[in-house]
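K.L.:
Would you mind keeping the following structure in view while I ask a few things?
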Amino acid sequence: LLRLKQLHNGVFLKVNKPILQMLKLVQPYVTYGYPSLKTVRALVYKRGYGKVSKQRIPLSDNSVITNALGKHGIYGTEDLIHEIYTVGPHFKQAANFLWPFKLSAPRGGFKCKRHGYCEMKGGDWGNREEEINELIARMN
């Protein structure tokens, strides 16, 4: 359900009770937070790929998005970004259309992989809330 098959993969999720329970289970292995509009736009434009008939297709033009999500009122890249950022009524279809983002290792590396972000020693896994934008900028 989380679609995180590899190291340094990223997905967009809607925050609800079942997702929070799943994140609680995998919390020592993932970091998560609330991305800004700038971060969402940078990810989709730079590393955005769509899932078209189970194949990974680059989002080079709006026709790929229109063919897959036109019936949901999403006709281009900006519509897709708006739907993801605002968690609109067709967020599930839009997030499922996007292939999980394959990010690179962060420039400057991780601080300490064995401790949580909110612990006193300061680590990397866990809920970063708004600070996730800085980590994604280093990984993008």
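Following the order of the structure tokens, first chain is A, next is B, and so on, with residues numbered from 1 inside each chain and ligands from 1 in the order they appear.
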What lies within 7 Å of A:Gln27 using only C-alpha atoms, ignoring chain neighbours under 3 positions off, as a PyMOL selection string?
P.N.:
chain A and resi 23-24+30+125-126
K.L.:
Can you tell me, as a PyMOL selection string, which residues in chain A count as strand (DSSP E or B) by DSSP?
P.N.:
chain A and resi 9-10+31-33+49-52+55-58+98+101-102+116+125-129
K.L.:
Nearest to A:His90: which of A:Gly109, A:Gly70, A:Gly50, A:Pro28 is it, counting only C-alpha atoms?
P.N.:
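When distances to A:His90 are compared using only C-alpha atoms, the smallest one comes from A:Gly70.
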K.L.:
Would you work out the distance separating atom CA of A:Leu37 from atom CA of A:Gly88, expressed in Å to one decimal?
P.N.:
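Going from atom CA of A:Leu37 over to atom CA of A:Gly88, I get 13.9 Å.
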K.L.:
Which one of A:Gln55, A:Pro18, A:Lys46, A:Tyr29 sits closest to A:Gly123 if you count only C-alpha atoms?
P.N.:
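Ranked by minimum distance to A:Gly123, first place goes to A:Tyr29.
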K.L.:
Pull the alpha helix (DSSP H) assignments for stretch 37-68 of chain A out of DSSP run on the backbone, and list those residues as a list of chain:residue names.
P.N.:
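The alpha helix (DSSP H) subset of stretch 37-68 of chain A is A:Leu37, A:Lys38, A:Thr39, A:Val40, A:Arg41, A:Ala42, A:Leu43, A:Val44, A:Tyr45, A:Lys46, A:Arg47, A:Asn62, A:Ser63, A:Val64, A:Ile65, A:Thr66, A:Asn67, A:Ala68.
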K.L.:
Give me a file of those residues, with C-alpha atoms, as an mmCIF file, in the first residue's frame.
P.N.:
```
data_model
loop_
_atom_site.group_PDB
_atom_site.id
_atom_site.type_symbol
_atom_site.label_atom_id
_atom_site.label_comp_id
_atom_site.auth_asym_id
_atom_site.auth_seq_id
_atom_site.Cartn_x
_atom_site.Cartn_y
_atom_site.Cartn_z
ATOM 1 C CA LEU A 37 3.842 23.483 -3.098
ATOM 2 C CA LYS A 38 7.380 24.289 -4.291
ATOM 3 C CA THR A 39 8.562 20.796 -3.296
ATOM 4 C CA VAL A 40 5.614 19.051 -4.964
ATOM 5 C CA ARG A 41 6.157 21.062 -8.157
ATOM 6 C CA ALA A 42 9.912 20.338 -8.211
ATOM 7 C CA LEU A 43 9.352 16.591 -7.703
ATOM 8 C CA VAL A 44 6.686 16.264 -10.405
ATOM 9 C CA TYR A 45 8.563 18.335 -12.989
ATOM 10 C CA LYS A 46 12.002 16.801 -12.387
ATOM 11 C CA ARG A 47 11.271 13.197 -11.395
ATOM 12 C CA ASN A 62 0.253 16.993 -20.954
ATOM 13 C CA SER A 63 -1.288 14.436 -23.327
ATOM 14 C CA VAL A 64 0.001 11.565 -21.149
ATOM 15 C CA ILE A 65 -1.814 13.031 -18.127
ATOM 16 C CA THR A 66 -4.945 13.943 -20.103
ATOM 17 C CA ASN A 67 -5.330 10.432 -21.521
ATOM 18 C CA ALA A 68 -4.986 8.797 -18.095
#
```
K.L.:
Identify which of the residues A:Ile136, A:Ile84, A:Ala94, A:Leu4 lies closest to A:His72, counting only C-alpha atoms when measuring atom-to-atom distances.
P.N.:
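Closest to A:His72, using only C-alpha atoms: A:Ala94.
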K.L.:
I want to know what sits within 12 Å of A:Arg107, based on only C-alpha atoms, with residues of the same chain fewer than 3 positions away left out; could you give that as a PyMOL selection string?
P.N.:
chain A and resi 103-104+110-111+134-140
K.L.:
Just N, CA and C atoms for this one: save the residues we selected as a PDB file, in the first residue's frame.
P.N.:
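Just written: again-v1.pdb:
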```
ATOM      1  N   LEU A 103      14.455   8.994  -5.808  1.00  0.00           N
ATOM      2  CA  LEU A 103      15.319  10.094  -5.396  1.00  0.00           C
ATOM      3  C   LEU A 103      16.753   9.597  -5.234  1.00  0.00           C
ATOM      4  N   SER A 104      17.700  10.525  -5.296  1.00  0.00           N
ATOM      5  CA  SER A 104      19.096  10.155  -5.066  1.00  0.00           C
ATOM      6  C   SER A 104      19.405  10.306  -3.576  1.00  0.00           C
ATOM      7  N   PHE A 110      23.028  11.626   5.504  1.00  0.00           N
ATOM      8  CA  PHE A 110      22.110  11.617   6.635  1.00  0.00           C
ATOM      9  C   PHE A 110      22.886  11.945   7.902  1.00  0.00           C
ATOM     10  N   LYS A 111      22.171  12.428   8.923  1.00  0.00           N
ATOM     11  CA  LYS A 111      22.812  12.736  10.198  1.00  0.00           C
ATOM     12  C   LYS A 111      23.137  11.468  10.966  1.00  0.00           C
ATOM     13  N   GLU A 134      13.390  20.475   3.156  1.00  0.00           N
ATOM     14  CA  GLU A 134      14.842  20.634   3.082  1.00  0.00           C
ATOM     15  C   GLU A 134      15.499  19.326   2.667  1.00  0.00           C
ATOM     16  N   LEU A 135      15.023  18.193   3.209  1.00  0.00           N
ATOM     17  CA  LEU A 135      15.597  16.893   2.850  1.00  0.00           C
ATOM     18  C   LEU A 135      15.311  16.549   1.386  1.00  0.00           C
ATOM     19  N   ILE A 136      14.094  16.804   0.934  1.00  0.00           N
ATOM     20  CA  ILE A 136      13.748  16.503  -0.467  1.00  0.00           C
ATOM     21  C   ILE A 136      14.568  17.380  -1.412  1.00  0.00           C
ATOM     22  N   ALA A 137      14.796  18.634  -1.031  1.00  0.00           N
ATOM     23  CA  ALA A 137      15.613  19.529  -1.880  1.00  0.00           C
ATOM     24  C   ALA A 137      17.031  18.983  -2.014  1.00  0.00           C
ATOM     25  N   ARG A 138      17.567  18.373  -0.941  1.00  0.00           N
ATOM     26  CA  ARG A 138      18.902  17.778  -1.019  1.00  0.00           C
ATOM     27  C   ARG A 138      18.901  16.491  -1.828  1.00  0.00           C
ATOM     28  N   MET A 139      17.768  15.793  -1.876  1.00  0.00           N
ATOM     29  CA  MET A 139      17.698  14.503  -2.578  1.00  0.00           C
ATOM     30  C   MET A 139      17.258  14.636  -4.033  1.00  0.00           C
ATOM     31  N   ASN A 140      16.649  15.752  -4.407  1.00  0.00           N
ATOM     32  CA  ASN A 140      16.061  15.902  -5.735  1.00  0.00           C
ATOM     33  C   ASN A 140      17.127  16.228  -6.773  1.00  0.00           C
TER      34      ASN A 140
END
```
K.L.:
Just checking: using only C-alpha atoms, which residue out of A:Ser36, A:Asn9, A:Met22, A:Cys112 ends up closest to A:Asn133?
P.N.:
A:Ser36
K.L.:
Interatomic distance between atom CA of A:Phe91 and atom CA of A:Lys17?
P.N.:
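Atom CA of A:Lys17 lies at a distance of 16.4 Å from atom CA of A:Phe91.
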K.L.:
At what distance in Å, to one decimal, does atom CA of A:Arg56 lie from atom CA of A:Phe97?
P.N.:
9.8 Å
K.L.:
Excluding same-chain residues fewer than 6 positions from A:Glu83, what lies within 10 Å of it counting only C-alpha atoms, as a ChimeraX atom specification?
P.N.:
/A:73-74,77,89-95
K.L.:
Rank A:Pro35, A:Asn127, A:Ile132, A:Tyr75 by their smallest atom-to-atom distance to A:Leu20, using only C-alpha atoms, and report the top residue only.
P.N.:
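Checking each of A:Pro35, A:Asn127, A:Ile132, A:Tyr75 against A:Leu20, counting only C-alpha atoms, the winner is A:Asn127.
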